[in-house]
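Next up, run-v9.txt (compact mmCIF, C-alpha atoms and all ligand atoms):
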```txt
# COMPACT_ATOMS: atom_id res chain seq x y z
CA MET E 1 -23.77 -4.84 -1.62
CA ASP E 2 -22.77 -7.86 0.46
CA LEU E 3 -23.10 -6.84 4.11
CA THR E 4 -22.06 -10.19 5.60
CA TYR E 5 -19.46 -9.67 8.32
CA THR E 6 -18.46 -11.87 11.21
CA GLY E 7 -15.13 -10.32 12.20
CA GLY E 8 -14.24 -7.86 14.91
CA ASP E 9 -12.11 -8.11 18.02
CA HIS E 10 -10.85 -6.00 20.92
CA LEU E 11 -9.21 -3.52 18.51
CA GLY E 12 -12.29 -2.78 16.40
CA PRO E 13 -14.17 -1.85 14.33
CA THR E 14 -15.44 1.02 16.44
CA ARG E 15 -18.05 2.15 13.87
CA ILE E 16 -19.66 0.83 10.70
CA ILE E 17 -21.76 3.30 8.74
CA GLN E 18 -23.89 2.44 5.74
CA VAL E 19 -24.86 5.27 3.40
CA ARG E 20 -27.73 4.87 0.90
CA GLU E 21 -29.33 7.46 -1.35
CA PRO E 22 -31.30 5.31 -3.79
CA GLY E 23 -32.49 8.39 -5.71
CA ILE E 24 -28.97 9.01 -7.05
CA GLY E 25 -27.74 5.40 -6.94
CA LEU E 26 -25.46 6.06 -3.99
CA GLU E 27 -24.48 3.04 -1.97
CA GLY E 28 -21.45 3.14 0.29
CA LEU E 29 -19.90 2.08 3.55
CA LEU E 30 -17.45 3.46 6.05
CA VAL E 31 -15.65 1.21 8.53
CA ILE E 32 -13.75 3.08 11.22
CA ASP E 33 -11.62 0.39 12.77
CA ASN E 34 -9.76 2.14 15.57
CA VAL E 35 -9.19 5.78 16.55
CA ALA E 36 -7.14 5.42 19.74
CA ALA E 37 -4.07 7.09 18.18
CA GLY E 38 -6.08 9.87 16.52
CA PRO E 39 -8.50 10.44 13.64
CA ALA E 40 -8.37 7.54 11.23
CA ILE E 41 -6.81 7.91 7.76
CA GLY E 42 -7.90 5.47 5.08
CA GLY E 43 -8.69 5.42 1.40
CA LEU E 44 -12.01 5.66 -0.40
CA ARG E 45 -12.26 2.75 -2.86
CA MET E 46 -14.73 2.83 -5.73
CA ALA E 47 -15.53 -0.47 -7.43
CA ALA E 48 -18.54 -2.47 -8.57
CA ASP E 49 -17.92 -5.40 -6.24
CA VAL E 50 -17.04 -3.88 -2.85
CA SER E 51 -18.35 -5.52 0.32
CA LEU E 52 -18.46 -4.95 4.06
CA ALA E 53 -16.04 -7.81 4.75
CA GLU E 54 -13.46 -6.36 2.34
CA CYS E 55 -13.94 -2.85 3.74
CA ALA E 56 -13.44 -4.08 7.33
CA ARG E 57 -10.32 -6.06 6.38
CA LEU E 58 -8.82 -3.02 4.63
CA ALA E 59 -9.73 -0.77 7.58
CA ARG E 60 -7.85 -3.11 9.96
CA ALA E 61 -4.86 -3.11 7.62
CA MET E 62 -4.84 0.71 7.89
CA THR E 63 -4.97 0.56 11.70
CA LEU E 64 -1.90 -1.68 11.69
CA LYS E 65 -0.08 0.30 9.00
CA ASN E 66 -0.64 3.65 10.71
CA ALA E 67 0.28 2.26 14.14
CA ALA E 68 3.42 0.58 12.81
CA ALA E 69 4.45 3.91 11.26
CA SER E 70 3.82 5.65 14.64
CA LEU E 71 1.38 8.06 13.04
CA ALA E 72 -1.10 9.92 15.25
CA HIS E 73 -3.88 8.30 13.23
CA GLY E 74 -6.14 5.29 13.53
CA GLY E 75 -7.33 3.17 10.63
CA ALA E 76 -10.48 3.24 8.47
CA LYS E 77 -11.63 2.52 4.95
CA SER E 78 -14.64 3.53 2.92
CA VAL E 79 -16.12 1.99 -0.21
CA LEU E 80 -18.55 3.19 -2.84
CA VAL E 81 -20.38 0.92 -5.25
CA GLY E 82 -19.86 1.99 -8.85
CA ASP E 83 -17.73 1.81 -11.96
CA PRO E 84 -14.85 4.26 -11.38
CA LYS E 85 -14.82 4.98 -15.12
CA MET E 86 -18.41 6.31 -15.10
CA PRO E 87 -18.95 9.81 -16.58
CA ALA E 88 -17.14 12.41 -14.44
CA ALA E 89 -20.31 14.35 -13.56
CA ASN E 90 -21.99 11.21 -12.14
CA LYS E 91 -18.88 10.26 -10.21
CA GLU E 92 -18.62 13.76 -8.74
CA ARG E 93 -22.28 13.63 -7.64
CA LEU E 94 -21.80 10.27 -5.90
CA ILE E 95 -18.56 11.26 -4.17
CA ARG E 96 -19.89 14.62 -3.04
CA GLY E 97 -23.08 12.91 -1.81
CA PHE E 98 -21.10 10.29 0.11
CA ALA E 99 -18.76 12.91 1.62
CA THR E 100 -21.73 15.05 2.69
CA ALA E 101 -23.33 12.08 4.42
CA LEU E 102 -20.08 11.53 6.36
CA ARG E 103 -19.51 15.21 7.12
CA ASP E 104 -20.00 14.70 10.86
CA CYS E 105 -17.59 11.75 11.12
CA ARG E 106 -14.85 13.99 12.39
CA ASP E 107 -12.55 11.09 13.20
CA TYR E 108 -12.26 10.01 9.56
CA ILE E 109 -9.87 11.60 7.05
CA VAL E 110 -10.42 10.40 3.48
CA GLY E 111 -7.54 9.44 1.16
CA PRO E 112 -7.39 8.13 -2.43
CA ASP E 113 -7.51 4.42 -3.22
CA MET E 114 -8.46 2.20 -6.16
CA GLY E 115 -10.92 4.08 -8.35
CA THR E 116 -10.41 7.51 -6.74
CA ASP E 117 -7.76 10.17 -7.32
CA GLU E 118 -6.70 13.67 -6.30
CA ASN E 119 -9.72 15.26 -8.02
CA CYS E 120 -12.06 13.06 -5.99
CA MET E 121 -10.17 14.14 -2.86
CA ALA E 122 -10.65 17.80 -3.84
CA TRP E 123 -14.47 17.18 -3.93
CA VAL E 124 -14.32 15.51 -0.49
CA GLN E 125 -12.23 18.38 0.88
CA ASP E 126 -14.72 20.86 -0.54
CA GLU E 127 -17.64 19.11 1.23
CA THR E 128 -16.03 18.17 4.56
CA GLY E 129 -12.62 19.89 4.91
CA ARG E 130 -11.00 16.52 5.69
CA ALA E 131 -9.09 14.80 2.88
CA VAL E 132 -5.49 13.92 1.97
CA GLY E 133 -3.90 13.14 -1.38
CA LEU E 134 -5.10 16.53 -2.62
CA PRO E 135 -4.05 18.34 -5.82
CA ALA E 136 -0.95 20.55 -5.37
CA GLU E 137 -3.16 23.66 -5.76
CA LEU E 138 -4.90 22.68 -2.50
CA GLY E 139 -1.65 21.97 -0.64
CA GLY E 140 -1.33 18.34 -1.69
CA ILE E 141 1.94 16.44 -2.12
CA PRO E 142 1.70 14.43 -5.40
CA LEU E 143 2.81 11.19 -3.78
CA ASP E 144 2.45 8.87 -6.78
CA GLN E 145 4.22 11.29 -9.09
CA LEU E 146 7.09 11.64 -6.60
CA GLY E 147 7.15 7.96 -5.70
CA ALA E 148 6.53 8.15 -1.93
CA THR E 149 5.69 4.45 -1.63
CA GLY E 150 8.55 3.37 -3.92
CA TRP E 151 10.90 5.48 -1.79
CA GLY E 152 9.69 3.75 1.37
CA LEU E 153 9.98 0.33 -0.23
CA PHE E 154 13.54 1.13 -1.25
CA GLN E 155 14.35 2.18 2.34
CA ALA E 156 12.88 -1.07 3.69
CA ILE E 157 15.01 -3.09 1.26
CA ARG E 158 18.12 -1.07 2.11
CA GLU E 159 17.64 -1.71 5.83
CA ALA E 160 17.00 -5.44 5.33
CA ALA E 161 19.70 -6.09 2.72
CA ALA E 162 22.47 -6.92 5.18
CA ASP E 163 20.21 -9.40 6.98
CA CYS E 164 20.18 -11.54 3.85
CA GLU E 165 23.80 -10.79 2.97
CA LEU E 166 22.81 -8.71 0.01
CA ASP E 167 24.75 -5.87 -1.55
CA LEU E 168 22.40 -3.54 -3.44
CA ASP E 169 25.19 -2.67 -5.84
CA GLY E 170 24.72 -5.32 -8.53
CA ALA E 171 21.67 -6.94 -6.91
CA ARG E 172 19.22 -8.40 -9.46
CA VAL E 173 15.66 -7.09 -9.13
CA ALA E 174 12.39 -8.40 -10.63
CA ILE E 175 9.26 -6.23 -10.34
CA GLN E 176 5.71 -7.40 -10.99
CA GLY E 177 3.64 -4.28 -11.77
CA PHE E 178 5.34 -1.21 -13.20
CA GLY E 179 2.98 1.50 -11.95
CA ALA E 180 3.44 4.24 -9.34
CA VAL E 181 4.97 1.87 -6.78
CA GLY E 182 6.97 -0.45 -9.03
CA ARG E 183 8.64 2.04 -11.31
CA HIS E 184 9.75 4.40 -8.54
CA ALA E 185 11.15 1.48 -6.53
CA ALA E 186 13.08 0.52 -9.68
CA ARG E 187 14.43 4.06 -10.02
CA PHE E 188 15.67 4.29 -6.41
CA LEU E 189 17.19 0.79 -6.48
CA ALA E 190 18.94 1.39 -9.80
CA ALA E 191 20.48 4.56 -8.38
CA GLU E 192 22.16 2.32 -5.76
CA GLY E 193 23.59 0.11 -8.52
CA ALA E 194 20.89 -2.58 -8.60
CA ARG E 195 20.18 -4.28 -11.93
CA ILE E 196 16.53 -4.49 -13.03
CA VAL E 197 16.43 -7.95 -14.65
CA ALA E 198 12.65 -8.30 -15.17
CA VAL E 199 9.49 -6.18 -15.02
CA SER E 200 5.87 -6.82 -15.90
CA ASP E 201 2.59 -4.97 -16.30
CA SER E 202 -0.94 -6.05 -17.16
CA GLN E 203 0.13 -6.89 -20.76
CA GLY E 204 3.00 -9.24 -19.83
CA GLY E 205 6.66 -8.92 -18.92
CA ILE E 206 10.19 -8.57 -20.21
CA ALA E 207 13.45 -9.99 -18.83
CA ASP E 208 17.16 -9.65 -19.42
CA PRO E 209 19.69 -11.14 -16.96
CA ALA E 210 22.21 -8.50 -18.09
CA GLY E 211 19.81 -5.74 -16.94
CA LEU E 212 16.99 -3.89 -18.72
CA ASP E 213 17.31 -0.31 -19.96
CA LEU E 214 15.43 1.51 -17.17
CA GLU E 215 15.20 4.85 -18.99
CA HIS E 216 13.57 3.12 -21.94
CA LEU E 217 11.09 1.34 -19.62
CA LEU E 218 10.19 4.61 -17.89
CA ALA E 219 9.75 6.37 -21.22
CA LEU E 220 7.37 3.65 -22.43
CA LYS E 221 5.21 4.05 -19.32
CA ARG E 222 5.27 7.86 -19.65
CA ASP E 223 3.80 7.38 -23.13
CA GLY E 224 1.09 5.07 -21.77
CA ARG E 225 2.63 1.98 -23.42
CA SER E 226 3.50 -1.47 -22.09
CA VAL E 227 6.90 -2.72 -20.89
CA THR E 228 6.43 -5.57 -23.38
CA GLU E 229 7.22 -3.08 -26.17
CA MET E 230 10.90 -3.10 -25.14
CA THR E 231 13.01 -4.00 -28.15
CA ARG E 232 15.70 -5.82 -26.11
CA GLY E 233 14.97 -8.68 -23.69
CA THR E 234 12.94 -11.87 -23.55
CA ARG E 235 9.14 -11.62 -23.49
CA LEU E 236 7.39 -13.13 -20.47
CA SER E 237 3.77 -14.12 -20.58
CA GLY E 238 1.22 -14.61 -17.78
CA ASP E 239 2.88 -14.77 -14.38
CA ALA E 240 6.25 -16.03 -15.70
CA ILE E 241 8.02 -13.22 -13.84
CA ILE E 242 7.62 -15.41 -10.73
CA ASP E 243 10.20 -17.82 -12.21
CA VAL E 244 12.88 -15.21 -12.89
CA GLU E 245 16.05 -15.79 -10.89
CA CYS E 246 16.86 -12.65 -8.88
CA ASP E 247 17.94 -11.34 -5.47
CA ILE E 248 14.95 -9.06 -4.82
CA TRP E 249 11.41 -9.84 -5.99
CA ILE E 250 8.86 -7.05 -5.72
CA PRO E 251 5.11 -7.62 -6.10
CA ALA E 252 3.66 -4.19 -6.95
CA ALA E 253 0.40 -4.98 -8.70
CA ARG E 254 -2.44 -7.15 -7.35
CA PRO E 255 -3.41 -8.94 -4.11
CA ASP E 256 -2.77 -12.67 -3.55
CA VAL E 257 -0.38 -13.13 -6.50
CA ILE E 258 1.82 -15.51 -4.51
CA ASP E 259 0.01 -18.43 -2.92
CA GLU E 260 0.81 -21.95 -1.76
CA HIS E 261 0.62 -23.24 -5.36
CA ASN E 262 3.27 -20.95 -6.88
CA VAL E 263 5.44 -19.88 -3.92
CA ASP E 264 8.06 -22.55 -4.58
CA ARG E 265 8.66 -21.15 -8.06
CA LEU E 266 10.25 -18.01 -6.55
CA ARG E 267 14.04 -17.92 -6.79
CA THR E 268 14.98 -14.89 -4.75
CA ARG E 269 16.55 -13.99 -1.41
CA LEU E 270 14.33 -11.06 -0.47
CA LEU E 271 10.69 -10.33 -1.27
CA ALA E 272 9.54 -6.76 -0.62
CA GLU E 273 5.75 -6.32 -0.63
CA GLY E 274 4.91 -3.15 -2.52
CA ALA E 275 1.29 -4.15 -3.21
CA ASN E 276 -1.25 -4.72 -0.43
CA ILE E 277 -1.65 -8.40 0.60
CA PRO E 278 0.26 -9.74 -2.43
CA VAL E 279 1.29 -12.95 -0.62
CA THR E 280 -1.15 -15.28 1.16
CA ASP E 281 -0.45 -16.21 4.79
CA ALA E 282 0.37 -19.81 3.83
CA ALA E 283 2.80 -18.67 1.13
CA GLU E 284 4.49 -16.22 3.49
CA ALA E 285 4.95 -19.01 6.04
CA ARG E 286 6.51 -21.14 3.29
CA LEU E 287 8.91 -18.32 2.35
CA HIS E 288 10.00 -18.10 5.99
CA GLU E 289 10.58 -21.86 6.01
CA ARG E 290 12.72 -21.57 2.87
CA GLY E 291 14.81 -18.79 4.41
CA ILE E 292 13.54 -16.11 2.00
CA LEU E 293 13.05 -12.82 3.83
CA ALA E 294 9.59 -11.33 3.17
CA LEU E 295 9.08 -7.69 4.15
CA PRO E 296 5.37 -7.38 5.07
CA ASP E 297 3.17 -4.93 3.13
CA PHE E 298 2.00 -2.81 6.06
CA ILE E 299 5.62 -2.09 7.05
CA ALA E 300 7.26 -1.84 3.62
CA ASN E 301 4.59 0.04 1.63
CA ALA E 302 3.64 2.62 4.28
CA GLY E 303 5.35 5.46 2.37
CA GLY E 304 2.09 6.66 0.82
CA VAL E 305 0.18 7.03 4.07
CA ILE E 306 3.15 8.58 5.88
CA CYS E 307 3.31 11.15 3.07
CA ALA E 308 -0.46 11.75 3.39
CA ALA E 309 -0.16 12.29 7.15
CA MET E 310 2.63 14.83 6.56
CA GLU E 311 0.47 16.59 3.95
CA TYR E 312 -2.37 16.81 6.50
CA ARG E 313 0.01 18.71 8.79
CA HIS E 314 1.01 21.04 5.92
CA LEU E 315 4.61 19.80 6.03
CA SER E 316 6.86 19.99 2.99
CA GLN E 317 7.64 17.30 0.47
CA SER E 318 11.21 16.93 1.74
CA ALA E 319 10.01 16.60 5.36
CA ALA E 320 7.62 13.87 4.15
CA PHE E 321 10.40 11.96 2.39
CA ASP E 322 12.67 12.23 5.46
CA ALA E 323 9.85 10.94 7.67
CA ILE E 324 9.25 7.99 5.32
CA ARG E 325 12.94 7.07 5.38
CA ASP E 326 13.32 7.35 9.16
CA LYS E 327 10.08 5.60 10.10
CA ILE E 328 10.38 2.71 7.67
CA ARG E 329 14.04 2.03 8.38
CA SER E 330 13.51 2.06 12.11
CA ASN E 331 10.45 -0.21 11.82
CA VAL E 332 12.24 -2.72 9.63
CA ARG E 333 15.15 -2.82 12.08
CA THR E 334 12.86 -3.31 15.10
CA MET E 335 10.84 -5.96 13.25
CA LEU E 336 13.88 -7.95 12.09
CA ASP E 337 15.62 -7.78 15.46
CA SER E 338 12.56 -8.93 17.38
CA ALA E 339 11.78 -11.64 14.80
CA GLY E 340 15.34 -12.91 15.20
CA SER E 341 15.34 -12.90 19.00
CA ALA E 342 11.85 -14.42 19.37
CA GLY E 343 12.33 -16.96 16.56
CA ILE E 344 9.20 -15.79 14.73
CA SER E 345 8.53 -14.54 11.19
CA PRO E 346 8.94 -10.85 10.29
CA ARG E 347 5.16 -10.56 9.83
CA GLN E 348 4.46 -12.02 13.27
CA ALA E 349 6.97 -9.57 14.76
CA ALA E 350 5.45 -6.65 12.82
CA LEU E 351 1.93 -7.59 13.92
CA ARG E 352 3.05 -7.67 17.54
CA LEU E 353 4.74 -4.28 17.16
CA ALA E 354 1.66 -2.67 15.58
CA ALA E 355 -0.92 -4.28 17.89
CA THR E 356 1.12 -3.32 20.96
CA ARG E 357 1.16 0.30 19.79
CA VAL E 358 -2.61 0.30 19.22
CA GLU E 359 -3.28 -1.31 22.62
CA ARG E 360 -0.98 1.19 24.34
CA ALA E 361 -2.83 4.07 22.66
CA MET E 362 -6.16 2.51 23.75
CA ARG E 363 -4.99 2.33 27.37
CA LEU E 364 -4.41 6.09 27.31
CA LYS E 365 -8.07 6.79 26.50
CA ARG E 366 -10.64 7.85 29.10
CA TRP E 367 -12.93 5.09 27.86
CA SER E 368 -10.22 2.45 28.26
CA LEU E 369 -11.20 -0.81 29.96
CA TYR E 370 -7.61 -2.02 30.20
P1 LIG E 401 -0.76 1.53 -10.53
O1 LIG E 401 -2.13 1.39 -11.07
O2 LIG E 401 -0.01 2.80 -10.72
O3 LIG E 401 0.17 0.36 -11.12
C1 LIG E 401 -0.22 -0.98 -11.12
C2 LIG E 401 0.67 -1.71 -12.14
O4 LIG E 401 0.39 -3.09 -12.06
C3 LIG E 401 0.39 -1.29 -13.58
O5 LIG E 401 1.65 -1.23 -14.25
C4 LIG E 401 -0.42 -2.45 -14.14
O6 LIG E 401 -0.28 -2.61 -15.54
C5 LIG E 401 0.20 -3.59 -13.39
N1 LIG E 401 -0.57 -4.82 -13.34
C6 LIG E 401 -1.91 -4.97 -13.21
N2 LIG E 401 -2.22 -6.29 -13.23
C7 LIG E 401 -1.05 -6.95 -13.36
C8 LIG E 401 -0.70 -8.32 -13.44
N3 LIG E 401 -1.64 -9.26 -13.37
N4 LIG E 401 0.61 -8.65 -13.56
C9 LIG E 401 1.56 -7.70 -13.63
N5 LIG E 401 1.29 -6.39 -13.55
C10 LIG E 401 0.01 -6.03 -13.43
O7 LIG E 401 -0.88 1.14 -8.99
P2 LIG E 401 0.14 1.51 -7.83
O8 LIG E 401 -0.27 2.78 -7.20
O9 LIG E 401 1.55 1.32 -8.32
O10 LIG E 401 -0.21 0.37 -6.77
C11 LIG E 401 0.24 -0.96 -6.94
C12 LIG E 401 -0.14 -1.77 -5.72
O11 LIG E 401 0.43 -1.18 -4.56
C13 LIG E 401 -1.65 -1.83 -5.42
O12 LIG E 401 -1.90 -3.09 -4.84
C14 LIG E 401 -1.86 -0.75 -4.39
O13 LIG E 401 -3.00 -1.00 -3.59
C15 LIG E 401 -0.58 -0.87 -3.61
N6 LIG E 401 -0.19 0.34 -2.86
C16 LIG E 401 -0.04 1.52 -3.51
C17 LIG E 401 0.36 2.64 -2.80
C18 LIG E 401 0.60 3.97 -3.49
O14 LIG E 401 1.06 4.89 -2.82
N7 LIG E 401 0.33 4.10 -4.77
C19 LIG E 401 0.60 2.56 -1.42
C20 LIG E 401 0.46 1.32 -0.79
C21 LIG E 401 0.07 0.21 -1.54
```
Please express what this file holds, its structure, as structure tokens.
Ligand code: NAD
Amino acid sequence: MDLTYTGGDHLGPTRIIQVREPGIGLEGLLVIDNVAAGPAIGGLRMAADVSLAECARLARAMTLKNAAASLAHGGAKSVLVGDPKMPAANKERLIRGFATALRDCRDYIVGPDMGTDENCMAWVQDETGRAVGLPAELGGIPLDQLGATGWGLFQAIREAAADCELDLDGARVAIQGFGAVGRHAARFLAAEGARIVAVSDSQGGIADPAGLDLEHLLALKRDGRSVTEMTRGTRLSGDAIIDVECDIWIPAARPDVIDEHNVDRLRTRLLAEGANIPVTDAAEARLHERGILALPDFIANAGGVICAAMEYRHLSQSAAFDAIRDKIRSNVRTMLDSAGSAGISPRQAALRLAATRVERAMRLKRWSLY
């Protein structure tokens, strides 16, 4: 695993732990970025190509996301080297081994991420007693099934709509990635009268300016099929969904899909970041220049981690959804108001908001140097 890392600043990381058990092929890392607000929550990612630099970057993103959402949790991330599709028994051995090695890291609560799911969290809970994103039988709230992140994204869009003179009733929406985040966002937006004019998944996309049949799209995904199997609409290949004229464009698939080379192809008024880091810094600056409002990932897609924090406190599903709505709407309002009054981009305003909260929490610690 690549252990090159040159980052780090006054916020963190506070601890970097490498775990190796060569006998069972276990190689993993935990980066605890900051715990001033409370024990850190962050996902466990399993992939063949994880690295320390990536883990540290994701851990910082969790610090900012949790602080922005005013959760009593710091940020962390852990990574395990391996193919997530390996035989279940091998995967269980690695995850249990990793969790056991981290048993004494009491300020880290493990959540699911790429390559891990609720079963993996049940193994971690069994070994350490500290995991979120658990199966319902262990008190978990099935956040992807219910659409916690899509619900939060919808709330962020609802709060920001007036700022770009947008009425959700009749608004045209294009969604790249029709998984847990994308399809629930579509559902909540359509219930407000929005028209889903284009969607895509890993096989390609489909578009219809008159509006796609959402029930048909959802049924296809339920059956494990692609949105490209829609009988009505125009097929889109590659990243052609970027060119679709719309009012709201939602990246809900991969990182860095919008960069300085393709950003000017977007024809939208609002871009709501469902995926993590879907837009490069340069492209986001360009959107700001063009007057397109971009709602930053760590504000707009915080629904999942807010839900996880509510689960950790044994709160109900409806309390979790209320918390997501209230926290995300209030954050979007604060971010847009301060961006407007300071003449800065929404991301710059959101970063200030989150970093100020982390620094304030740090000042309240006995070990504070501030
Ligand atoms: P998912 O696996 O359920 O869905 C991903 C979707 O993207 C699938 O439909 C897949 O076919 C599609 N896709 C993959 N490559 C694509 C491409 N090149 N073009 C178009 N579509 C493509 O994942 P998810 O849980 O919906 O997460 C989506 C993104 O949101 C990820 O970046 C994830 O890290 C981020 N995120 C998820 C949550 C959550 O609660 N699930 C929370 C915060 C952020």
Excluding Val35 of chain E and any residue of its chain fewer than 2 positions from it, enumerate the residues within 8 Å of it, using only C-alpha atoms, and give them as a list in words. Thr14, Ile32, Asp33, Ala37, Gly38, Pro39, Ala40, His73, Gly74, Gly75 and Asp107 of chain E
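Around ligand LIG 401 (chain E), using all atoms listed in the file and a cut-off of 6 Å, the residues in contact are Asp144, Thr149, Gln176, Gly177, Phe178, Gly179, Ala180, Val181, Gly182, Ser200, Asp201, Ser202, Ala252, Ala253, Arg254, Gly274, Ala275, Asn276, Asn301 and Gly304 of chain E.
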Within-12 Å shell of (1.1, 9.1, 6.4) in input frame, only C-alpha atoms, as a VMD selection string: chain E and resid 40 to 43 62 to 63 65 to 75 109 to 111 132 to 133 141 143 148 to 149 152 298 301 to 315 319 to 321 323 to 324 327 to 328
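With all atoms listed in the file as the basis for measurement, E:Arg158 is the residue among E:His10, E:Lys77, E:Arg357, E:Arg158 that approaches Glu192 of chain E most closely.
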Nearest to Arg363 of chain E by atom-to-atom distance, counting only C-alpha atoms, from E:Ala36, E:Leu293, E:Pro22, E:Thr116: E:Ala36
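Restricting the calculation to only C-alpha atoms, the smallest distance between Glu229 of chain E and any of E:Gly150, E:Gly115, E:Gly205, E:Gly170 is found for E:Gly205.
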Please work out which residues fall within 12 Å of (14.1, -1.3, 9.7), coordinates as given in the file, with all atoms listed in the file counting, and return them as number ranges by chain. E: 68-69, 152-163, 295-296, 299-300, 324-339, 346, 350
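Distances from E:Glu260, E:Leu11, E:Gln125, E:Asp113 to Leu64 of chain E were compared using all atoms listed in the file, and the smallest one belongs to E:Leu11.
Here atom CA of Ala53 of chain E and atom CA of Ile250 of chain E stand 27.0 Å from one another.
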Calculate how many Å separate atom CA of Phe188 of chain E from atom CA of Leu351 of chain E, rounding to one decimal. 27.3 Å
Report, in Å with one decimal, the straight-line distance from atom CA of Ser51 of chain E to atom CA of Leu30 of chain E. 10.7 Å
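Considering the residues E:Asp264, E:Arg183, E:Ser226, E:Asp256 and counting only C-alpha atoms, Asp243 of chain E has its shortest atom-to-atom contact with E:Asp264.
Among the candidate residues E:Arg232, E:Arg172, E:Arg347, E:Arg187, the one lying nearest to Glu245 of chain E is E:Arg172, with distances computed using all atoms listed in the file.
Shell of Asn90 of chain E at 12 Å, with only C-alpha atoms counted and residues fewer than 5 places along the chain excluded, is Ile24, Gly25, Leu26, Gly82, Asp83, Pro84, Lys85, Ile95, Arg96, Gly97 and Cys120 of chain E.
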With only C-alpha atoms counted and 10 Å as the cut-off, give the residues of segment 168-203 of chain E in contact with segment 246-249 of chain E, each with its shortest interatomic distance in Å and the pair that gives it, as a Markdown table.
```
| residue | atom | partner | partner_atom | distance |
| --- | --- | --- | --- | --- |
| E:Leu168 | CA | E:Asp247 | CA | 9.2 |
| E:Gly170 | CA | E:Asp247 | CA | 9.6 |
| E:Ala171 | CA | E:Asp247 | CA | 5.9 |
| E:Arg172 | CA | E:Cys246 | CA | 4.9 |
| E:Val173 | CA | E:Ile248 | CA | 4.8 |
| E:Ala174 | CA | E:Trp249 | CA | 5.0 |
| E:Ile175 | CA | E:Trp249 | CA | 6.0 |
| E:Gln176 | CA | E:Trp249 | CA | 8.0 |
| E:Ala194 | CA | E:Ile248 | CA | 9.6 |
| E:Arg195 | CA | E:Cys246 | CA | 9.5 |
| E:Ile196 | CA | E:Cys246 | CA | 9.2 |
| E:Val197 | CA | E:Cys246 | CA | 7.5 |
| E:Ala198 | CA | E:Cys246 | CA | 8.7 |
| E:Val199 | CA | E:Trp249 | CA | 9.9 |
```
